[in-house]
Every structure is written in C-alpha cells, then in structure tokens.
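Notes follow the structure.
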Amino acid sequence: MDDLAVQDILAEYDQLIKTRNLDGLLPFLKEKSKGHEVALRQHIIDAKAYWVDYTNLAPKPDFPGGHVPYYGGRRGDDQQVELIILSAIALLNKKDIQRWHEPFDFLQRINQSKLYVELIEWAKPKWIEPYILQRFRGRGLNVLGYSVLRTLEQLGLISYQPAMFARSLSLYDRWDYRVEILEKDVVAVLDYSLEDSITWQRDIPELFNYETFLYATTVRYKSDTGSNYISFPIWEYLYQRLLSENKMNRHFFIENALRIQTKEWNNDLKTFYRKRLEEIKLETEELIECQELVFSFFQANPVPVPAFGLDLCKKMYTHSGFDLPSFLEWISPLMLRAEAKKVIKSVLPLLEKIAKLNPDFRGSIAAIVADVLSIPEMLLQERAAAALQKLSVFDSSSLKERINAYVPQFQGNIKKALAPWLDVEKTIQAEPERIIYQYQPLKEKLLTQAIQLPVTWNDILFQVGKCINSNEPQEAEILLHAFLCKRHLFPEDYPAQLSPYFKQLEQIYFDINYKNDVKRFLLCKLPDLQADYQDRHYKYGVPSVLDLMEKLLAITAEKMRQQSQFSLLCEPTHLPYWIEPKVLLSRIIAYQENKEPIHALDLSIAIARMCREGIEEATPLVSQIKGHLQILLKFCLGLETKIHLHDEKSLEQWMPNLKGNHFEKLALWAVAARTHDPAGTFNEFVGTPFQKEAFVVEAFRPQFYFRAAWEDGMNYNSRQIERLKSWEELAIDMPEASFSPTNLLYSLTFHQNRDRWSDHLYNQASVFFWHSLMPQNPEPLSIRLAISSCQNGDFGRSDMQGFLRIVDRPEFWFSDASMLVFACCFLQERKETRFLATEVLIHLIEKRKLDLGLFGEKLAFLISGKYGVLLRCVDALAAIKDVSPIHNVALFMILNTALANLKMEEKLPLNFKKLLEHYLDILVKTGQKPTEAAQNFLKKWQYSPSVKNLIKQIVKP
C-alpha cells in the first residue's frame, strides 16, 4: 500500500483522538492495523509525546483562544490519554513500551472495563509479563491487584509468579470505594473469595514464603450505628475462616507461623502471626512437635520473639517429650543479651523449676544463670545470685571460674551474695580511695594559633572553596579580608577562574542563615568585584543576631565601593575568632590616620572578640588613639574601670570618624562592659534609651518555669476538635521591649512577644556563628537555646550538639542558664546529643571545670518538671561510671544533689528505680553516704513497691 493510504490511516487515528471515540478504537485496530504496525507504532509514540507527556503550555497554547486547559501541562484530557495508552498496549512491543509508566495504571483497571478485556484478548501483547515483573522487582509495592493478575493469568498473558501473586494477594484490592461499604459487604466479599480454590489452595499458603504487608491490610467500612468508619482486619478474618473450615491444615499454619518469627522480616508481620498463634490456643502436643522451632526464638530479634518463645516453653517444659539439653543449648546465649533483660528475668524462675524437676542438670543450669552476671544491672544480678543460691552448686570449679570472671561487672553489694563462689581476695571489700572533686576552673590561654591570611592568588582561590565547604565563620571572614585588602592580587581573568565556584553556589542551598548571606554576596562579587551589592533591609524592627553577617557584608561592600584597603576591625587574628589587642589598636590607629569611617557594629564585634592577653604589648599604642575611643579602649584592656558616658554632642566631638547615631555609640560601652564583666551591674546606663534591655544595666537572669502546652486536632470520626497530646515545656518571661541598637549585641532577640523563626538557631553552624560574635559571654546564646531548642526533651535539634562543642572550648564558663541547657542535653530525644553530652561531661570532670552541685540542681529541676524521658538521662549519666575514680565521685555528687533537690508529690517518674540502682552502686564503689537531704527525699518513697528494696539498702538506720 502506498504512502498516501498510510497517511489516511494515521489521519483516521488522529480523528479518533480528537473526537475521543473510544468505542471506535478496537474496530479501527482490527480493520486497519494489519500491515501498518510499524507506522502506527511510531505514530502512537508521537501522539503520546504530544497529547500525554507534560509540557509547559503557557507560552504557546495549542488551543483555540490561547487558553491553557484545566488539566495543566498536558494537551490531552482523560479520554484522549486513555485512547492513546490503550493503542500502545495493543500495538507496541516490549522495547517501545518498557519505559512507559502509564500502561501499568491502565492494566490495574482491566476488570473495570469490558473494552480493556476485549482489546487485550485481541492484541495478546507478549510484553506484559516482563513489564509488570520489572516494576514488581524494582519496588515491592508496585504490583498489580490480585484480581488483575488472575485475569491476566486466565487470558494466558502471564504465567504464575508466586512472589508477585503473594505480595498482591496480601494487599487485597477488591474494594470499590466509590460506593459506601458496610461490614456485611466486607464479609460477603471475603467469604466469596474463599470459594475460589486457587486462592486458598495455591496462593494463600505462599504468603508464608514471602515478606508481605498483610498485617496492615484493612478496609474501612461505615458503622451501622453512626457516621464513624471502622477498620476491618482482613487477614485476621481470613485465617480464622480458613482454620475453622479446615481449608488450611492447622499444623501447617502453626509450623509456618512459628518459622516466620526467626526470619529477618518486618517486626509487625511477626507480631501479626504471634497474635494469630495466641488466638488458636496451642496445645502442648502441638508445641512439642515444633519445639526446635520454638527454641530458635531465643537467638532471634526483636526481644518480643524470645519472650514469646519463653511463654510457649512454659507450657511444655513438664512434658516428657521436652528436649531439655536442646533447650539449654539454645537459651544460653540469651543470658548475655543486655537488651533482653526483661526476658531474662522471666527465664530465671523457669530455670529454677526445671532444675527441681531435673536435678542432674543443676550444674548446667547454674552455668547458664551465672552468665547473667555479665549484664551490669543491679536487680538482675541480685535475681541471678538468688537463683544460684537456690541451685546450691558450690563444688563446681568451672562455675567458680565463670563467676569470678564477671566480678568487674558486679553492682552494689552483690559480692556478699556470691561470696561462696568468689576467690578470697575478691571477697574482701577494699576500702575505697578517698578522692575529692573540687570545682576549680582554670583560665586557659586563648591566643594560641594565628590565622594565616591569603598572600597569593592561589591562596584566594583555595579560600573561596574553603568558605563554601566549611561551617566555620572565620573562613568567610578570611575571604572578606581578601576582597578588601588583596584586590591587587586578582588577575584580569578572575571571573573565568572563579566561575566554577559561581556555578557551584548557584546549585547549593544552605540551611544556615549566615552562609546563605555569604552566598548572596559571593554570587554578586565573584563575576565582578565592582558589582553593586544590595543588602537586605530590615523593615520590621531589630535584626536577629544571625542576621549580623548580612550587616558585615554590607559594610564590606561599602568599603569596596569606596576602594578602601582596610580590613574590618572585627576580623579575627587567631583561631577560631579571637582578636589580639595590639592588632585591634593598630587597626583603629590606621583608621583614624586615614580618616577611614569606623562602623559601630564592626567595632562592637571587635570589642566582644578582643581578649585580655598581651596587654603589655598593646598598652603603648593606646596613647596614639584619639578622642573618646581612647577611654573606651582603655576600659576594654582593663586599664580603666570607670564607664564614661557623654551626651550626644560630646560623643560627636570625641568620636568624629565613628559612623552611627548617639545610641550606637552608647551601645559600644554597654558591649564592652558586659563582655568583660558578664555578671556586673552598671547603673551608668540608667536613664539611657535602652536601660530596660537585657544585659545592659544588669545581667539577664530569667526565672525558668514549666507551663502546660498542648496540640489540638480534628477527630475525623467524631468531627470534633480534640486534644491530641499535652506536655510541659520550659519557658521564661522576656523583658519589655524598649530600644535596641543593632550593635547592642547581647540584647538582640530578647524582647517580649518576640519569637521569630529567624531567632532560632536550628543547626550547629548557626550556634558557632553566634558564639563567634561574642565568645567571652555565652549567656545570651544559652538563654536563646533554652527558649528555642529546649522547650521539651523531644524538641531539640542539632544546634544542641553545637552548644556542647562550645561548652568544651577553653573560654566557656557556666552560668545558671548555660548549666540548665547543658542539663537539658542529657534528656534530649536525639541519641547523638546525649552521647556527645556524656563525652563532654567526662572531659569537664577531668578538668574540674563543672560545678557538680549546680548541675545536679538543674537536673533535679528538669526531672521534677517532667522534662523528657528519665531513662535517657540515667543512661547518659551512667556512661561516666567507672571511667576513673574521680568520675565515680563526680557521679555520686551529681546524683546525690539531684535526689536532694527533687520535688515530687504524686508519683515517681518511670525508670526512677534505674536511677536508684546506679546511685546504690556508686555509693558502694566510692564509700560515700547519702546526704541528709537526699535521705529525706528517699524516705518519703520508702514504701513505694517499685523502689522500697533499693531505698532500704541506701537509707540505712
């Protein structure tokens, strides 16, 4: 046939699409496709690209009137798309259709349309089986419905694939949610499906061989009594029916449900089958037949599996067919698993009962019980010791050797109970060495490593990369130095050499506020140093501390515009952010000699960063500084102790080249005073516009308290707003807002009714940046973290880890607020935060840098306020035990102070017993005695069932 005839056929096919003639598709294919398959296949591919694929229709809509259709970036509507995809299913081969995802969705609906079935029966495409298998193997949930697979199998288009059929059957897709479903409808559909012999004879048994999601397969039906919807557990019902009607052999079900428990499958799936086994009430004879499977549970995960195995063993250990040697062999490794402590506690009484029934096995059982002593938990060891005493195996040298090997793990007074098995030298309780922990923080040298500034163009190139990839603020400041002082090193082709960095920055988004500011600056300056940089303007009040990098970038851009060759005053001279006094004074002298404007924010940060080291070298330079700045800098160096505030006219005369208004100049004194005397009171600022600001007249010492918080949400069953959960959160009362210049560093963000997202730190890098601006006074940072990241134990982010890393730096000192934040770290949900907190605590104790009394008080405050899960704190603190004798003494002081300051009236928190176990153990190891205050608290709870035995050992008459 000639090309003209082919064009007529293709035109007829296009007309079918345009007129949405679905009914005419199959007759057209039957009549016109033979002999023209190649042309039609290519035309269908082209039609899909035009009608089906998504594209941007906005610039040139191919529709009358130039409108964009409601179906967005697709030219074809649903009927047109359906016609094209059905054509593809009928005519395309495996190679052409393999990458299309649309046919899968249409195959899913095959049972809903007579046309679909007729078309597939006529076309008999050979690619369907490899097509659906590829998607099933790629993603286990991407599987056709079970009824669809059965239809395709009946049509001879696919062969039986057990894994795919089992996965599909487990999801159970036989519901039409377009109509209202009642419980009787669900039961009717499920009962009907069990009439299909292939389903219950061939496919359902295969569910035991493949990991599926049947445990979560439910259907929601409408309640007969109201508007509520109830979930119907499909497979729970089906298994009940299969077993009750003997369509599934009971022994087959039991054996396979047991076997699943030891597979590395989803834990919810294991739980589902355990519940089914509990429902059918297993007989002892049935368990004896499968006892080896049950014994294997003791080496399986998670812990509920061995716990279930133990419950089953309790039903059959008295049976004559119980294989005791095999049971003991399987259960022995379980006794070494610390995470299975609850199961082990239940195993010990069972072993005692077995030993009574089988005296010949007492030695083997005693050896198994002795392994429990490897787990450092006091109550568990006491229970094991009691079991050993009942077993009375005193003449076994191997048992004695095993018990003596575990002596380093012994807790509390367990040695007394195990004395018959211990070597003589190990039974003697050595007198603990009297070690005293004394809080004595030492002042460490800060100016230890000078910053290396770039001196060549290659250095600058390298610094750009470091700035992009590092979270340390000084890397960006070193690069700003190059932009200001080393522009002469930039070659003519610098835009081309810097273009890779420019492209890298274009594709990066930083979740760090100051780094995004630096990114904007670099995107502006890397292509052209002369480009005009526009900073962000703050129209809604004072910027956050985290916005100050933007202000420094604006100052840098202004200097570049004026062709200044002077670096910023606040540029650090020593890692990570310190400024050497003589260098700062030299910079100010150079500024004054060259009439370079001094920005108030730049000088404020420089003052906050300048430490009092090398004062002797800096003192001769002070006399060269002109005006009021000389008095200010004498104060900063410690050469002057009086604060000199002047009126606006005097300051203008004394600080002629200082850019900023009168209030910003006054703020310089406030920053200098609070930097070098964080706890001081400065009445000189009374009467100034910002006298009510935090950290100006007095240090801001907020009273922390707990307040109720909750979350409400819609209950879609009752259609009512209900309280979903409630908790206690940490809070403070903020000072009244008055007036805060941008360079009043310590007061920024501490305003009443202000809790903007931009004030939150969110990540470690933001914490490092904040601290780098005012490293000698961490109090504002601590308070900010307390109110934004420590509201409750589940609220913390990675910024808490940044705080912990700062705590371990030489300049850090603890205040009330920072100690509270440090204590919060031990109750945080994030394991990484707690682990790091333990490491920092170990280091602080070694350096005698932590006030343990204050730390214990803060822990008591948090525990009393139900802040976080107590077990988190207990485990984090217990990790320092036995690190060294001084750490044991420190742990005693922490726990003792915490107990002495706890305030609990109604009930003890969960896992409080665990805290007392560690307390008792540390009392024994250190030879200490609880203080009277701690004893008074414990006496209030001496009759509490969960802790009375421990308190009896701690509080002795």
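A note on labels: chains of the structure tokens are A, B, ... as shown, every chain counts residues from 1, and ligands are counted from 1 in their shown order.
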
For range 190-207 of chain A, find every residue with an atom within 10 Å (counting only C-alpha atoms), except residues of its own chain fewer than 5 positions away, and show them as a count of residues only. 29

Residues within 12 Å of range 405-416 of chain A, please, as a CSV table (one decimal) with N, CA and C atoms, in the first residue's frame. Count only C-alpha atoms; anything in the same chain fewer than 2 positions from it doesn't count.
```csv
chain,number,residue,atom,x,y,z
A,336,LEU,N,23.3,-13.5,77.9
A,336,LEU,CA,24.3,-12.5,77.7
A,336,LEU,C,23.8,-11.2,77.0
A,370,ALA,N,24.8,-18.0,85.7
A,370,ALA,CA,26.0,-17.2,86.0
A,370,ALA,C,26.3,-16.2,84.9
A,371,ASP,N,26.0,-16.5,83.7
A,371,ASP,CA,26.2,-15.6,82.6
A,371,ASP,C,25.4,-14.3,82.7
A,372,VAL,N,24.3,-14.3,83.5
A,372,VAL,CA,23.5,-13.1,83.7
A,372,VAL,C,24.3,-12.1,84.4
A,373,LEU,N,25.4,-12.5,85.2
A,373,LEU,CA,26.2,-11.5,85.9
A,373,LEU,C,27.0,-10.6,85.0
A,374,SER,N,27.1,-11.0,83.7
A,374,SER,CA,27.8,-10.1,82.8
A,374,SER,C,27.1,-8.8,82.4
A,375,ILE,N,25.8,-8.8,82.8
A,375,ILE,CA,25.0,-7.6,82.5
A,375,ILE,C,25.0,-6.7,83.7
A,376,PRO,N,25.5,-5.5,83.6
A,376,PRO,CA,25.6,-4.6,84.7
A,376,PRO,C,24.3,-3.9,85.1
A,377,GLU,N,23.4,-4.7,85.6
A,377,GLU,CA,22.2,-4.2,86.2
A,377,GLU,C,21.9,-4.8,87.6
A,378,MET,N,21.8,-4.0,88.6
A,378,MET,CA,21.8,-4.5,90.0
A,378,MET,C,20.7,-5.5,90.2
A,379,LEU,N,19.5,-5.1,89.9
A,379,LEU,CA,18.3,-6.0,90.3
A,379,LEU,C,18.4,-7.3,89.5
A,380,LEU,N,18.9,-7.3,88.3
A,380,LEU,CA,19.0,-8.5,87.6
A,380,LEU,C,20.1,-9.4,88.2
A,381,GLN,N,21.2,-8.8,88.6
A,381,GLN,CA,22.3,-9.6,89.2
A,381,GLN,C,21.8,-10.1,90.6
A,382,GLU,N,21.1,-9.4,91.3
A,382,GLU,CA,20.6,-9.9,92.6
A,382,GLU,C,19.6,-11.1,92.3
A,383,ARG,N,18.8,-11.0,91.3
A,383,ARG,CA,17.9,-12.1,91.0
A,383,ARG,C,18.7,-13.3,90.6
A,384,ALA,N,19.8,-13.1,89.8
A,384,ALA,CA,20.7,-14.3,89.4
A,384,ALA,C,21.4,-14.9,90.6
A,385,ALA,N,21.8,-14.0,91.5
A,385,ALA,CA,22.5,-14.5,92.7
A,385,ALA,C,21.6,-15.4,93.5
A,386,ALA,N,20.3,-14.9,93.7
A,386,ALA,CA,19.3,-15.7,94.4
A,386,ALA,C,19.1,-17.0,93.8
A,389,GLN,N,22.0,-19.4,94.5
A,389,GLN,CA,21.9,-19.9,95.9
A,389,GLN,C,20.9,-21.0,96.0
A,398,SER,N,34.5,-25.0,87.5
A,398,SER,CA,34.2,-24.2,86.2
A,398,SER,C,33.2,-23.1,86.5
A,399,LEU,N,32.2,-23.4,87.4
A,399,LEU,CA,31.2,-22.3,87.8
A,399,LEU,C,31.9,-21.2,88.6
A,400,LYS,N,32.8,-21.6,89.5
A,400,LYS,CA,33.5,-20.5,90.3
A,400,LYS,C,34.3,-19.7,89.3
A,401,GLU,N,35.0,-20.3,88.4
A,401,GLU,CA,35.8,-19.6,87.4
A,401,GLU,C,35.0,-18.6,86.6
A,402,ARG,N,33.8,-19.1,86.2
A,402,ARG,CA,32.9,-18.2,85.4
A,402,ARG,C,32.4,-17.0,86.2
A,403,ILE,N,32.0,-17.2,87.5
A,403,ILE,CA,31.5,-16.2,88.3
A,403,ILE,C,32.6,-15.2,88.6
A,418,LEU,N,27.4,-13.6,96.5
A,418,LEU,CA,28.1,-14.6,95.7
A,418,LEU,C,29.4,-15.0,96.4
A,419,ALA,N,29.6,-14.7,97.7
A,419,ALA,CA,30.8,-15.0,98.4
A,419,ALA,C,31.2,-16.4,98.3
A,420,PRO,N,30.3,-17.4,98.3
A,420,PRO,CA,30.7,-18.8,98.3
A,420,PRO,C,31.5,-19.2,97.0
A,421,TRP,N,31.3,-18.5,96.0
A,421,TRP,CA,31.9,-18.8,94.7
A,421,TRP,C,33.1,-18.0,94.4
A,422,LEU,N,33.4,-16.9,95.2
A,422,LEU,CA,34.4,-16.0,94.8
A,422,LEU,C,35.8,-16.4,95.5
A,423,ASP,N,36.8,-16.0,94.8
A,423,ASP,CA,38.2,-16.2,95.4
A,423,ASP,C,38.3,-15.3,96.6
A,424,VAL,N,39.1,-15.7,97.5
A,424,VAL,CA,39.2,-15.0,98.8
A,424,VAL,C,39.5,-13.5,98.6
A,425,GLU,N,40.5,-13.2,97.8
A,425,GLU,CA,40.9,-11.8,97.6
A,425,GLU,C,39.8,-11.0,97.0
A,426,LYS,N,38.9,-11.6,96.3
A,426,LYS,CA,37.8,-10.8,95.7
A,426,LYS,C,36.7,-10.6,96.6
A,427,THR,N,36.6,-11.4,97.7
A,427,THR,CA,35.5,-11.2,98.6
A,427,THR,C,35.8,-10.1,99.6
A,428,ILE,N,37.1,-9.7,99.7
A,428,ILE,CA,37.4,-8.6,100.6
A,428,ILE,C,37.1,-7.3,99.9
A,429,GLN,N,36.2,-6.6,100.6
A,429,GLN,CA,35.8,-5.3,100.1
A,429,GLN,C,36.9,-4.2,100.4
A,430,ALA,N,37.6,-3.8,99.4
A,430,ALA,CA,38.7,-2.9,99.5
A,430,ALA,C,38.1,-1.5,100.0
A,881,LYS,N,30.3,6.2,84.7
A,881,LYS,CA,30.6,5.4,85.8
A,881,LYS,C,31.8,4.5,85.5
A,882,ASP,N,32.8,4.4,86.4
A,882,ASP,CA,34.0,3.6,86.2
A,882,ASP,C,35.0,4.1,85.2
A,916,LEU,N,18.1,4.8,91.0
A,916,LEU,CA,18.5,4.4,92.3
A,916,LEU,C,19.5,3.2,92.3
A,917,GLU,N,19.3,2.4,91.3
A,917,GLU,CA,20.3,1.3,91.2
A,917,GLU,C,21.7,1.8,91.0
A,918,HIS,N,21.8,2.8,90.1
A,918,HIS,CA,23.2,3.4,89.8
A,918,HIS,C,23.6,4.1,91.1
A,919,TYR,N,22.7,4.8,91.8
A,919,TYR,CA,23.1,5.5,93.0
A,919,TYR,C,23.6,4.6,94.0
A,920,LEU,N,22.9,3.5,94.2
A,920,LEU,CA,23.4,2.5,95.2
A,920,LEU,C,24.8,1.9,94.8
A,921,ASP,N,24.9,1.6,93.6
A,921,ASP,CA,26.2,1.0,93.1
A,921,ASP,C,27.3,2.0,93.3
A,922,ILE,N,27.1,3.3,93.1
A,922,ILE,CA,28.2,4.3,93.2
A,922,ILE,C,28.4,4.6,94.7
A,923,LEU,N,27.4,4.4,95.5
A,923,LEU,CA,27.7,4.5,97.0
A,923,LEU,C,28.7,3.5,97.4
A,924,VAL,N,28.4,2.2,97.0
A,924,VAL,CA,29.3,1.1,97.4
A,924,VAL,C,30.7,1.3,96.8
A,925,LYS,N,30.8,1.8,95.6
A,925,LYS,CA,32.1,1.9,94.9
A,925,LYS,C,33.0,3.1,95.5
A,926,THR,N,32.3,4.1,95.9
A,926,THR,CA,33.0,5.3,96.4
A,926,THR,C,33.1,5.3,98.0
A,927,GLY,N,32.3,4.5,98.6
A,927,GLY,CA,32.3,4.5,100.1
A,927,GLY,C,31.6,5.7,100.7
A,950,LEU,N,15.4,-1.0,97.2
A,950,LEU,CA,16.6,-0.2,97.0
A,950,LEU,C,16.8,0.9,98.0
A,953,GLN,N,18.3,-0.4,101.2
A,953,GLN,CA,19.7,-0.5,101.1
A,953,GLN,C,20.5,0.8,101.2
A,954,ILE,N,19.9,1.8,100.6
A,954,ILE,CA,20.5,3.2,100.6
A,954,ILE,C,20.4,3.9,101.9
```

In Å, rounded to a single decimal, give me how far CA of Phe700 in chain A is from CA of Thr749 in chain A.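 The value is 12.5 Å.
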
Can you list, as a ChimeraX atom specification, every residue of range 510-706 of chain A that DSSP puts in helix (DSSP H, G or I)? /A:513-525,545-561,581-593,600-609,615-622,628-637,648-654,662-676,683-685

Atomic distance CA of Ser326 in chain A - CA of Phe295 in chain A, expressed in Å with one decimal: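 Result for CA of Ser326 in chain A versus CA of Phe295 in chain A: 7.8 Å, one decimal.
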
Give me the residues within 9 Å of Ile45 in chain A as a list in words, counting only C-alpha atoms and dropping any in the same chain fewer than 3 places off. Leu40, Arg41, Gln42, Lys48, Ala49, Tyr50, Ile84, Ala88, Leu92 and Asp96 of chain A

Write out as a PyMOL selection string each polymer residue whose atoms come within 10 Å of Pro325 in chain A, counting only C-alpha atoms; drop sequence neighbours fewer than 5 positions from it. chain A and resi 330+361+364

CA of Leu748 in chain A and CA of Ser544 in chain A are how many Å apart? 6.3 Å
